[in-house]
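**Student:** Input data31.cif, format and content: mmCIF, C-alpha atoms and all ligand atoms.
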```
data_run
loop_
_atom_site.label_atom_id
_atom_site.label_comp_id
_atom_site.auth_asym_id
_atom_site.auth_seq_id
_atom_site.Cartn_x
_atom_site.Cartn_y
_atom_site.Cartn_z
CA MET A 1 -37.80 -18.29 21.93
CA GLN A 2 -35.48 -16.01 19.95
CA GLU A 3 -32.76 -14.17 21.82
CA LYS A 4 -33.35 -10.43 22.06
CA LYS A 5 -31.72 -8.40 19.29
CA LEU A 6 -29.13 -5.81 20.29
CA TRP A 7 -31.41 -3.22 18.69
CA GLY A 8 -34.62 -4.90 19.87
CA GLY A 9 -35.88 -2.23 22.32
CA ARG A 10 -38.66 -0.71 20.22
CA PHE A 11 -39.93 -3.97 18.74
CA SER A 12 -42.92 -5.87 20.10
CA GLU A 13 -42.61 -8.99 17.96
CA SER A 14 -39.60 -11.02 16.99
CA THR A 15 -38.09 -10.83 13.52
CA ASP A 16 -39.63 -12.99 10.80
CA ALA A 17 -37.40 -15.96 10.02
CA PHE A 18 -37.33 -14.95 6.37
CA VAL A 19 -36.10 -11.45 7.22
CA GLU A 20 -33.41 -12.87 9.45
CA GLU A 21 -32.21 -15.15 6.66
CA PHE A 22 -32.52 -12.50 3.95
CA THR A 23 -30.78 -9.66 5.75
CA GLU A 24 -27.93 -11.51 7.42
CA SER A 25 -24.38 -10.81 6.29
CA ILE A 26 -22.49 -12.94 8.80
CA SER A 27 -22.10 -15.71 6.21
CA PHE A 28 -19.66 -13.45 4.34
CA ASP A 29 -18.70 -10.48 6.52
CA LYS A 30 -16.98 -12.67 9.11
CA GLU A 31 -14.03 -12.04 6.79
CA LEU A 32 -13.86 -8.65 8.57
CA ALA A 33 -13.78 -10.11 12.09
CA LEU A 34 -10.17 -9.36 13.00
CA TYR A 35 -10.40 -5.84 11.57
CA ASP A 36 -13.61 -5.23 13.49
CA ILE A 37 -11.89 -6.27 16.72
CA LYS A 38 -8.93 -4.03 15.94
CA GLY A 39 -11.31 -1.10 15.41
CA SER A 40 -13.20 -1.87 18.61
CA ILE A 41 -10.05 -2.08 20.71
CA ALA A 42 -8.88 1.32 19.45
CA HIS A 43 -12.34 2.78 20.10
CA ALA A 44 -12.49 1.32 23.63
CA LYS A 45 -9.02 2.68 24.44
CA MET A 46 -10.08 6.12 23.29
CA LEU A 47 -13.32 6.00 25.32
CA GLY A 48 -11.30 5.15 28.43
CA LYS A 49 -8.62 7.75 27.79
CA GLN A 50 -11.25 10.45 27.30
CA GLY A 51 -13.08 9.43 30.48
CA ILE A 52 -16.22 8.62 28.46
CA ILE A 53 -16.29 5.16 30.05
CA PRO A 54 -14.37 4.03 33.18
CA GLN A 55 -10.81 2.83 32.50
CA GLU A 56 -11.58 -0.51 34.14
CA ASP A 57 -14.36 -1.11 31.63
CA THR A 58 -11.91 -0.38 28.80
CA GLU A 59 -9.61 -3.02 30.23
CA LYS A 60 -12.41 -5.58 30.49
CA ILE A 61 -13.48 -4.83 26.92
CA ILE A 62 -9.95 -5.22 25.54
CA LYS A 63 -9.38 -8.48 27.40
CA GLY A 64 -12.75 -9.84 26.24
CA LEU A 65 -12.09 -8.86 22.63
CA GLN A 66 -8.65 -10.45 22.72
CA GLU A 67 -10.17 -13.71 23.93
CA ILE A 68 -12.76 -13.56 21.15
CA GLU A 69 -9.97 -12.91 18.65
CA GLN A 70 -8.20 -16.04 19.84
CA GLU A 71 -11.38 -18.11 19.55
CA ILE A 72 -11.91 -16.85 15.99
CA LYS A 73 -8.33 -17.67 15.03
CA GLU A 74 -8.71 -21.16 16.46
CA ASN A 75 -12.02 -21.60 14.63
CA LYS A 76 -13.85 -22.06 17.91
CA PHE A 77 -16.10 -19.04 17.66
CA ILE A 78 -19.69 -19.84 16.72
CA TRP A 79 -21.25 -17.34 14.31
CA LYS A 80 -25.00 -16.95 14.56
CA LYS A 81 -27.29 -15.66 11.81
CA GLU A 82 -29.71 -14.30 14.39
CA PHE A 83 -27.09 -11.68 15.27
CA GLU A 84 -27.06 -10.57 11.66
CA ASP A 85 -23.52 -9.43 11.04
CA VAL A 86 -19.95 -9.72 12.25
CA HIS A 87 -20.17 -6.59 14.39
CA MET A 88 -23.18 -7.71 16.38
CA ASN A 89 -21.94 -11.29 16.71
CA ILE A 90 -18.76 -10.02 18.31
CA GLU A 91 -20.50 -7.47 20.50
CA LYS A 92 -22.98 -10.07 21.73
CA ALA A 93 -20.19 -12.52 22.56
CA LEU A 94 -18.36 -9.73 24.39
CA THR A 95 -21.38 -8.85 26.52
CA ASP A 96 -21.96 -12.54 27.31
CA LYS A 97 -18.34 -12.74 28.42
CA ILE A 98 -17.83 -9.56 30.43
CA GLY A 99 -21.35 -8.41 31.27
CA GLU A 100 -22.40 -4.78 31.48
CA ALA A 101 -19.04 -3.28 30.44
CA GLY A 102 -19.54 -4.92 27.01
CA GLY A 103 -22.60 -2.78 26.47
CA LYS A 104 -20.49 0.38 26.82
CA LEU A 105 -18.30 -0.37 23.81
CA HIS A 106 -20.85 1.04 21.39
CA THR A 107 -20.84 4.47 23.10
CA GLY A 108 -20.12 7.21 20.55
CA ARG A 109 -20.22 4.79 17.65
CA SER A 110 -22.72 3.44 15.14
CA ARG A 111 -22.56 0.33 13.02
CA ASN A 112 -22.42 2.65 10.03
CA ASP A 113 -19.02 4.09 10.95
CA GLN A 114 -17.94 0.79 12.53
CA VAL A 115 -18.47 -1.33 9.42
CA ILE A 116 -16.71 1.04 7.09
CA THR A 117 -13.74 1.31 9.46
CA ALA A 118 -13.29 -2.46 9.41
CA PHE A 119 -13.78 -2.54 5.64
CA ARG A 120 -11.13 0.12 5.07
CA LEU A 121 -8.67 -1.68 7.36
CA TYR A 122 -9.30 -4.88 5.42
CA LEU A 123 -8.86 -3.20 2.06
CA LYS A 124 -5.74 -1.32 3.10
CA GLU A 125 -4.00 -4.55 4.10
CA ASN A 126 -5.12 -6.43 1.02
CA THR A 127 -4.17 -3.63 -1.35
CA GLN A 128 -0.69 -3.67 0.16
CA ASP A 129 -0.55 -7.46 -0.37
CA ILE A 130 -1.55 -7.01 -4.01
CA ILE A 131 1.14 -4.35 -4.50
CA ASN A 132 3.75 -6.73 -3.06
CA LEU A 133 2.55 -9.59 -5.27
CA LEU A 134 2.74 -7.38 -8.35
CA GLU A 135 6.27 -6.45 -7.41
CA ASP A 136 7.25 -10.15 -7.16
CA LEU A 137 5.75 -10.69 -10.59
CA GLN A 138 7.73 -7.78 -12.03
CA ARG A 139 10.92 -9.21 -10.56
CA LYS A 140 10.24 -12.56 -12.28
CA LEU A 141 9.54 -10.81 -15.57
CA LEU A 142 12.83 -8.96 -15.30
CA GLU A 143 14.67 -12.23 -14.66
CA LYS A 144 13.01 -13.81 -17.72
CA ALA A 145 13.94 -10.79 -19.83
CA LYS A 146 17.57 -11.16 -18.74
CA GLU A 147 17.57 -14.91 -19.35
CA TYR A 148 16.25 -14.48 -22.89
CA ILE A 149 17.90 -11.21 -23.83
CA ASP A 150 19.59 -12.77 -26.89
CA VAL A 151 16.59 -14.74 -28.09
CA VAL A 152 14.83 -13.33 -31.12
CA MET A 153 11.11 -13.77 -31.68
CA PRO A 154 8.52 -12.17 -33.92
CA ALA A 155 6.46 -9.28 -32.62
CA TYR A 156 2.87 -9.56 -33.84
CA THR A 157 0.31 -7.03 -34.95
CA HIS A 158 -3.11 -8.34 -36.00
CA LEU A 159 -1.62 -11.69 -34.89
CA GLN A 160 0.44 -11.57 -38.11
CA ARG A 161 4.21 -11.65 -37.91
CA ALA A 162 5.28 -8.02 -37.84
CA GLN A 163 8.94 -7.44 -36.93
CA PRO A 164 11.70 -9.33 -35.13
CA ILE A 165 12.27 -8.34 -31.49
CA ARG A 166 14.30 -9.58 -28.56
CA ALA A 167 12.22 -11.82 -26.29
CA ALA A 168 13.30 -9.51 -23.46
CA HIS A 169 11.40 -6.70 -25.16
CA TYR A 170 8.26 -8.83 -25.06
CA PHE A 171 8.56 -9.64 -21.34
CA LEU A 172 9.36 -6.05 -20.46
CA ALA A 173 6.12 -4.91 -22.11
CA TYR A 174 4.23 -6.75 -19.38
CA LEU A 175 6.60 -5.43 -16.73
CA GLU A 176 5.50 -1.92 -17.77
CA MET A 177 1.80 -2.81 -17.69
CA PHE A 178 2.07 -4.29 -14.21
CA GLN A 179 4.01 -1.19 -13.13
CA ARG A 180 1.00 0.95 -14.02
CA ASP A 181 -1.35 -1.52 -12.32
CA LYS A 182 0.79 -1.30 -9.21
CA GLU A 183 0.86 2.50 -9.32
CA ARG A 184 -2.92 2.57 -9.56
CA PHE A 185 -3.18 0.48 -6.37
CA ILE A 186 -0.58 2.66 -4.63
CA ASP A 187 -2.55 5.76 -5.54
CA ASN A 188 -5.80 4.13 -4.41
CA LEU A 189 -4.24 3.51 -0.99
CA LYS A 190 -4.28 7.27 -0.30
CA ARG A 191 -8.06 7.24 -0.50
CA ILE A 192 -8.51 3.95 1.37
CA ASP A 193 -6.23 4.98 4.20
CA MET A 194 -8.70 7.34 5.94
CA LEU A 195 -10.47 6.99 9.27
CA PRO A 196 -14.30 7.14 9.13
CA LEU A 197 -14.84 6.21 12.81
CA GLY A 198 -16.20 9.11 14.84
CA SER A 199 -18.88 9.85 12.25
CA GLY A 200 -21.62 8.01 14.12
CA ALA A 201 -24.63 6.96 12.08
CA VAL A 202 -24.51 10.07 9.90
CA ALA A 203 -24.30 13.32 11.85
CA GLY A 204 -21.26 12.82 14.06
CA VAL A 205 -20.93 11.90 17.70
CA ASP A 206 -22.08 13.72 20.87
CA PHE A 207 -19.20 12.58 23.07
CA PRO A 208 -15.81 14.28 23.45
CA ILE A 209 -14.02 11.68 21.29
CA ASP A 210 -10.40 11.88 20.09
CA ARG A 211 -10.27 10.87 16.44
CA GLU A 212 -6.58 11.72 16.02
CA TYR A 213 -5.81 9.13 18.67
CA VAL A 214 -7.98 6.45 17.04
CA ALA A 215 -6.44 7.17 13.63
CA LYS A 216 -2.97 6.72 15.09
CA GLU A 217 -3.92 3.51 16.91
CA LEU A 218 -5.30 2.03 13.69
CA GLY A 219 -2.53 3.34 11.46
CA PHE A 220 -4.77 5.55 9.32
CA SER A 221 -2.86 8.50 7.92
CA GLN A 222 -5.91 10.76 7.45
CA ILE A 223 -9.25 11.42 9.11
CA MET A 224 -12.43 11.72 7.09
CA ARG A 225 -13.77 15.22 7.56
CA ASN A 226 -17.45 14.82 6.72
CA SER A 227 -19.55 12.29 8.62
CA ILE A 228 -22.18 11.96 5.88
CA ASP A 229 -19.49 11.21 3.32
CA ALA A 230 -17.56 8.93 5.68
CA THR A 231 -20.50 6.61 6.32
CA SER A 232 -21.94 6.44 2.84
CA SER A 233 -19.18 6.80 0.24
CA ARG A 234 -17.80 3.71 -1.42
CA ASP A 235 -15.77 5.32 -4.21
CA PHE A 236 -12.53 4.07 -2.65
CA ALA A 237 -13.87 0.53 -3.16
CA LEU A 238 -15.07 1.29 -6.69
CA GLU A 239 -11.61 2.52 -7.50
CA PHE A 240 -10.15 -0.66 -6.06
CA LEU A 241 -12.53 -2.83 -8.12
CA SER A 242 -11.69 -0.85 -11.21
CA ASN A 243 -7.96 -1.30 -10.58
CA CYS A 244 -8.56 -5.04 -10.18
CA ALA A 245 -10.52 -5.15 -13.43
CA ILE A 246 -7.74 -3.41 -15.38
CA CYS A 247 -5.04 -5.60 -13.85
CA MET A 248 -7.08 -8.73 -14.68
CA ALA A 249 -7.37 -7.50 -18.28
CA ASN A 250 -3.59 -7.26 -18.48
CA MET A 251 -3.14 -10.69 -16.93
CA SER A 252 -5.76 -12.11 -19.26
CA ARG A 253 -3.80 -10.84 -22.27
CA PHE A 254 -0.63 -12.42 -20.97
CA SER A 255 -2.55 -15.67 -20.39
CA GLU A 256 -3.86 -15.60 -23.94
CA ASP A 257 -0.33 -15.04 -25.30
CA MET A 258 1.01 -17.99 -23.33
CA ILE A 259 -1.93 -20.19 -24.35
CA ILE A 260 -1.35 -19.63 -28.06
CA TYR A 261 2.45 -19.59 -27.79
CA SER A 262 2.37 -22.97 -26.03
CA SER A 263 0.07 -24.58 -28.62
CA SER A 264 1.66 -27.06 -31.05
CA GLU A 265 0.95 -24.60 -33.87
CA PHE A 266 3.30 -22.03 -32.32
CA SER A 267 5.49 -24.13 -29.99
CA PHE A 268 7.29 -20.98 -28.80
CA VAL A 269 6.78 -21.73 -25.13
CA GLU A 270 6.98 -24.88 -23.04
CA LEU A 271 4.92 -24.61 -19.86
CA PRO A 272 6.18 -26.61 -16.88
CA ASP A 273 4.32 -29.88 -16.24
CA LYS A 274 3.56 -28.92 -12.67
CA LEU A 275 1.58 -25.90 -13.82
CA THR A 276 -0.51 -27.70 -16.41
CA THR A 277 -3.16 -30.40 -16.28
CA GLY A 278 -3.93 -33.51 -18.33
CA SER A 279 -7.02 -34.61 -20.18
CA SER A 280 -9.12 -37.51 -18.90
CA ILE A 281 -9.53 -38.87 -22.42
CA MET A 282 -6.69 -37.62 -24.64
CA PRO A 283 -3.36 -38.87 -23.31
CA GLN A 284 -1.24 -36.43 -25.32
CA LYS A 285 -2.86 -33.30 -23.85
CA LYS A 286 -1.10 -30.83 -21.60
CA ASN A 287 -3.62 -28.12 -20.85
CA PRO A 288 -2.89 -24.56 -19.70
CA ASP A 289 -5.83 -24.54 -17.25
CA VAL A 290 -4.29 -22.00 -14.86
CA LEU A 291 -3.96 -19.50 -17.70
CA GLU A 292 -7.42 -20.25 -19.02
CA LEU A 293 -8.90 -19.73 -15.57
CA ILE A 294 -7.14 -16.39 -15.15
CA ARG A 295 -8.52 -15.36 -18.54
CA GLY A 296 -11.96 -16.63 -17.51
CA LYS A 297 -11.93 -15.15 -14.01
CA SER A 298 -11.38 -11.68 -15.44
CA GLY A 299 -15.14 -11.88 -16.18
CA ARG A 300 -16.18 -12.06 -12.55
CA VAL A 301 -13.79 -9.28 -11.59
CA TYR A 302 -15.31 -6.96 -14.22
CA GLY A 303 -18.73 -8.04 -12.94
CA ASN A 304 -17.80 -7.09 -9.38
CA LEU A 305 -17.06 -3.53 -10.51
CA VAL A 306 -20.38 -3.24 -12.34
CA SER A 307 -22.14 -4.75 -9.33
CA LEU A 308 -20.94 -2.11 -6.88
CA LEU A 309 -21.35 0.74 -9.36
CA THR A 310 -24.97 -0.31 -9.71
CA VAL A 311 -25.47 -0.56 -5.93
CA VAL A 312 -24.15 2.95 -5.39
CA LYS A 313 -25.88 4.61 -8.32
CA GLY A 314 -29.03 6.43 -7.26
CA LEU A 315 -28.55 5.82 -3.52
CA PRO A 316 -29.73 8.81 -1.50
CA LEU A 317 -27.28 10.06 1.11
CA ALA A 318 -26.30 8.72 3.52
CA TYR A 319 -26.14 5.08 4.69
CA ASN A 320 -28.65 2.65 3.21
CA ARG A 321 -28.73 -1.07 3.75
CA ASP A 322 -27.96 -1.52 0.06
CA LEU A 323 -24.38 -0.75 1.06
CA GLN A 324 -24.08 -4.12 2.74
CA GLU A 325 -23.78 -5.38 -0.84
CA ASP A 326 -20.36 -3.70 -1.09
CA LYS A 327 -18.55 -6.59 0.54
CA GLU A 328 -18.93 -9.70 -1.57
CA PRO A 329 -17.72 -8.10 -4.81
CA VAL A 330 -14.66 -6.75 -3.03
CA PHE A 331 -13.88 -10.00 -1.20
CA ASP A 332 -14.25 -11.91 -4.45
CA SER A 333 -12.01 -9.56 -6.41
CA VAL A 334 -9.36 -9.63 -3.69
CA LYS A 335 -9.29 -13.41 -3.66
CA THR A 336 -9.38 -13.71 -7.45
CA ILE A 337 -6.71 -11.14 -8.20
CA LYS A 338 -4.31 -12.47 -5.56
CA GLY A 339 -4.63 -16.02 -6.93
CA SER A 340 -4.25 -14.79 -10.49
CA ILE A 341 -1.06 -12.81 -9.79
CA VAL A 342 0.46 -15.83 -8.04
CA GLY A 343 -0.51 -17.98 -11.04
CA ILE A 344 1.02 -15.61 -13.59
CA THR A 345 4.18 -15.29 -11.49
CA LYS A 346 4.63 -19.07 -11.42
CA ILE A 347 4.04 -19.32 -15.17
CA VAL A 348 6.60 -16.56 -15.90
CA GLU A 349 9.12 -18.28 -13.65
CA GLY A 350 8.61 -21.72 -15.19
CA ALA A 351 8.04 -20.95 -18.88
CA LYS A 352 10.81 -22.00 -21.28
CA LEU A 353 11.25 -20.46 -24.70
CA ASN A 354 11.97 -22.63 -27.71
CA LYS A 355 14.71 -20.45 -29.25
CA GLU A 356 14.89 -22.32 -32.56
CA LYS A 357 11.17 -21.91 -33.16
CA THR A 358 10.99 -18.24 -32.20
CA GLN A 359 14.13 -17.44 -34.21
CA LEU A 360 12.81 -19.21 -37.29
CA ALA A 361 9.46 -17.41 -37.05
CA ALA A 362 11.21 -14.07 -36.64
CA GLY A 363 13.11 -14.46 -39.93
CA GLY A 364 11.64 -14.47 -43.43
CA PHE A 365 8.99 -11.88 -44.19
CA ALA A 366 9.19 -10.45 -40.68
CA LEU A 367 12.35 -8.75 -42.01
CA ALA A 368 10.49 -6.94 -44.79
CA THR A 369 10.41 -3.63 -42.87
CA ASP A 370 14.18 -3.84 -42.39
CA LEU A 371 14.61 -4.28 -46.13
CA ALA A 372 12.38 -1.26 -46.83
CA ASN A 373 14.35 0.78 -44.27
CA TYR A 374 17.59 -0.31 -45.97
CA LEU A 375 16.34 1.07 -49.30
CA ALA A 376 15.16 4.26 -47.61
CA GLU A 377 18.61 4.75 -46.10
CA LYS A 378 20.03 4.46 -49.62
CA GLY A 379 17.84 7.41 -50.68
CA VAL A 380 14.68 5.71 -52.00
CA PRO A 381 11.61 7.57 -50.62
CA PHE A 382 10.13 5.32 -47.91
CA ARG A 383 6.67 5.04 -49.54
CA GLN A 384 8.39 3.81 -52.71
CA ALA A 385 10.70 1.47 -50.78
CA HIS A 386 7.61 0.05 -49.03
CA HIS A 387 5.98 -0.54 -52.42
CA ILE A 388 9.09 -2.19 -53.90
CA VAL A 389 9.51 -4.56 -50.96
CA GLY A 390 5.77 -5.27 -51.03
CA SER A 391 6.01 -6.39 -54.66
CA ILE A 392 9.08 -8.51 -53.87
CA VAL A 393 7.14 -10.21 -51.06
CA GLY A 394 4.14 -10.76 -53.36
CA TYR A 395 6.42 -12.23 -56.03
CA LEU A 396 8.21 -14.55 -53.57
CA VAL A 397 4.92 -15.77 -52.10
CA THR A 398 3.72 -16.87 -55.57
CA GLN A 399 7.05 -18.70 -55.98
CA GLY A 400 6.76 -20.34 -52.55
CA ARG A 401 10.03 -18.69 -51.49
CA GLU A 402 11.23 -16.91 -48.34
CA LEU A 403 12.69 -13.41 -48.14
CA GLU A 404 16.18 -14.71 -47.39
CA SER A 405 16.29 -16.43 -50.81
CA ILE A 406 16.26 -13.13 -52.71
CA THR A 407 19.40 -12.17 -54.67
CA TRP A 408 20.24 -9.15 -56.83
CA GLU A 409 19.37 -11.22 -59.91
CA SER A 410 16.07 -12.86 -58.93
N1 LIG B 501 -23.97 -5.23 8.10
C1 LIG B 501 -24.20 -3.84 7.81
C2 LIG B 501 -23.40 -3.49 6.53
O1 LIG B 501 -22.64 -4.28 6.14
C3 LIG B 501 -23.69 -3.02 8.94
C4 LIG B 501 -24.33 -1.70 9.06
C5 LIG B 501 -25.72 -1.80 9.46
N2 LIG B 501 -26.29 -0.54 9.74
C6 LIG B 501 -27.60 -0.40 9.81
N3 LIG B 501 -28.00 0.79 10.04
N4 LIG B 501 -28.40 -1.42 9.66
O2 LIG B 501 -23.57 -2.45 5.94
#
```
Would you encode the structure as structure tokens?
Ligand code: ARG
**Tutor:**
Amino acid sequence: MQEKKLWGGRFSESTDAFVEEFTESISFDKELALYDIKGSIAHAKMLGKQGIIPQEDTEKIIKGLQEIEQEIKENKFIWKKEFEDVHMNIEKALTDKIGEAGGKLHTGRSRNDQVITAFRLYLKENTQDIINLLEDLQRKLLEKAKEYIDVVMPAYTHLQRAQPIRAAHYFLAYLEMFQRDKERFIDNLKRIDMLPLGSGAVAGVDFPIDREYVAKELGFSQIMRNSIDATSSRDFALEFLSNCAICMANMSRFSEDMIIYSSSEFSFVELPDKLTTGSSIMPQKKNPDVLELIRGKSGRVYGNLVSLLTVVKGLPLAYNRDLQEDKEPVFDSVKTIKGSIVGITKIVEGAKLNKEKTQLAAGGFALATDLANYLAEKGVPFRQAHHIVGSIVGYLVTQGRELESITWES
């Protein structure tokens, strides 16, 4: 015999096993458990303070939730698919623990405003983590730029040697990109950091609740004004997924640079042994798997954005069960981007430049623009100077000579 569902009142037969399996989200949304408990404690405190439920029930609820929190942290809590999601698993455990008072926690609240409160708390914390990780990465890039300030390397366009630059200039390019990535996450925080609780299922709540108090308890700096919007909008998460996608694109480019620069053909960069892997068959191999995986994982992070965009597109207001599909893409992007930033940071910290190689590659024809500029400074129109140097380069190439070998005579 199945246990009665928390919403089972109007049903005369128990849920089909397929439906239970198909609709459950506990297998992934348990990630939100601690945020759900945080939200519930704040809600219970508010209900007590407002006299909506007796103060002693608030106390029982808080104590019960704290015990559940401990069990979850110690991995002792048993999650059950028959209770569908993280919210109902916790509420059921609470009622089993403290009896009738547990059933009062859901007064003036719906799962629709409950789930999105937990989700926003989760995303706020993780966005802050990502911002901090990006800052660590920037610090490492700055250190590398300082370390290699006097090393010259070629800058490439079209992956052809273009002009000589300081290696510092190269590293600082990525520092700028990650600065913009970081700013995008910081800006996103403004729109994540809003309290939806108090919106009920869609049309608000009939009890004299105090949302300012709940917002303060949970550390939200704003309160969502419209209950329809609060329960059904996911644009804050779309923005987050888009920020992740852009940041992964930047990290993927850096990975690609390091992969080619560390190949024997370039030999500009030596990656530390501890960050590379060997081949099971070719003993000489030292593979940049971490970088390849970051480049590869950018695919799933782009996919996560498209996934949620597609879920949201065409959804009638307000909450629809489709929105349960908002979680996995976000959880996956959070995990992937955090790992990738750590990986890139370690690579930046450990990478060694081969100064002789980069210097050598930066000489020769990479100096052609400087020669053209020299002529232009002497009064030759730049277009003409460009043409002259171009013919010199063409001539030297047929002779198998480098630019440095040119003299006034030949
Ligand atoms: N697990 C659901 C979700 O993630 C919670 C909200 C369910 N609400 C409902 N009306 N069935 O979206």
**Student:** Could you tell me, counting only C-alpha atoms and all ligand atoms, which protein and nucleic acid residues lie no more than 7 Å from ligand LIG 501 (chain B), written as an mmCIF file with C-alpha atoms, in the coordinates of the input?
**Tutor:**
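Below is the file that was written, part11.cif:
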```cif
data_model
loop_
_atom_site.group_PDB
_atom_site.id
_atom_site.type_symbol
_atom_site.label_atom_id
_atom_site.label_comp_id
_atom_site.auth_asym_id
_atom_site.auth_seq_id
_atom_site.Cartn_x
_atom_site.Cartn_y
_atom_site.Cartn_z
ATOM 1 C CA SER A 25 -24.380 -10.810 6.290
ATOM 2 C CA ASP A 85 -23.520 -9.430 11.040
ATOM 3 C CA ARG A 111 -22.560 0.330 13.020
ATOM 4 C CA ASN A 112 -22.420 2.650 10.030
ATOM 5 C CA VAL A 115 -18.470 -1.330 9.420
ATOM 6 C CA ARG A 321 -28.730 -1.070 3.750
ATOM 7 C CA LEU A 323 -24.380 -0.750 1.060
ATOM 8 C CA GLN A 324 -24.080 -4.120 2.740
#
```
**Student:** Considering all atoms listed in the file, return as JSON, numbers by chain whatever protein or nucleic-acid residues lie within 10 Å of Glu325 (chain A), sequence-local ones (same chain, fewer than 4 positions apart) excluded.
**Tutor:** {"A": [25, 307, 308, 311, 312, 321, 329, 330]}
**Student:** At a cut-off of 10 Å, using all atoms listed in the file, what residues contact Leu34 (chain A)? Leave out same-chain residues fewer than 4 positions from it and give the result as a ChimeraX atom specification.
**Tutor:** /A:30,38-40,65-66,68-70,72-73,86,118,121-122
**Student:** Would you please work out which residue, of A:Thr95, A:Ser199, A:Thr276, A:Gln163, is nearest to Lys60 (chain A) when using all atoms listed in the file?
**Tutor:**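 Nearest to Lys60 (chain A): A:Thr95.
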**Student:** Do a neighbour search on Phe365 (chain A) at 9 Å with only C-alpha atoms, toss out local chain neighbours closer than 3 positions, and write the hits as a ChimeraX atom specification.
**Tutor:** /A:161-163,362,368-369,393,402-404
**Student:** Please produce a file of those selected residues containing C-alpha atoms, as a compact mmCIF listing (two decimals), in the coordinates of the input.
**Tutor:**
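Heads up, here's the output in part.txt:
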```txt
# COMPACT_ATOMS: atom_id res chain seq x y z
CA ARG A 161 4.21 -11.65 -37.91
CA ALA A 162 5.28 -8.02 -37.84
CA GLN A 163 8.94 -7.44 -36.93
CA ALA A 362 11.21 -14.07 -36.64
CA ALA A 368 10.49 -6.94 -44.79
CA THR A 369 10.41 -3.63 -42.87
CA VAL A 393 7.14 -10.21 -51.06
CA GLU A 402 11.23 -16.91 -48.34
CA LEU A 403 12.69 -13.41 -48.14
CA GLU A 404 16.18 -14.71 -47.39
```
**Student:** What does the distance from CA of Phe266 (chain A) to CA of Leu360 (chain A) come to in Å, to one decimal?
**Tutor:**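 Computing it gives 11.1 Å between the two atoms.
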**Student:** CA of Leu396 (chain A) and CA of Asp370 (chain A) are how many Å apart?
**Tutor:**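 Taking CA of Leu396 (chain A) and CA of Asp370 (chain A), their separation equals 16.6 Å.
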**Student:** Region 269-281 of chain A, all listed atoms, 4 Å padding on each side: what axis-aligned box centre and edge lengths in Å to one decimal come out, as JSON?
**Tutor:**
```
{"center_x": -1.3, "center_y": -30.3, "center_z": -18.9, "size_x": 24.5, "size_y": 25.1, "size_z": 20.5}
```
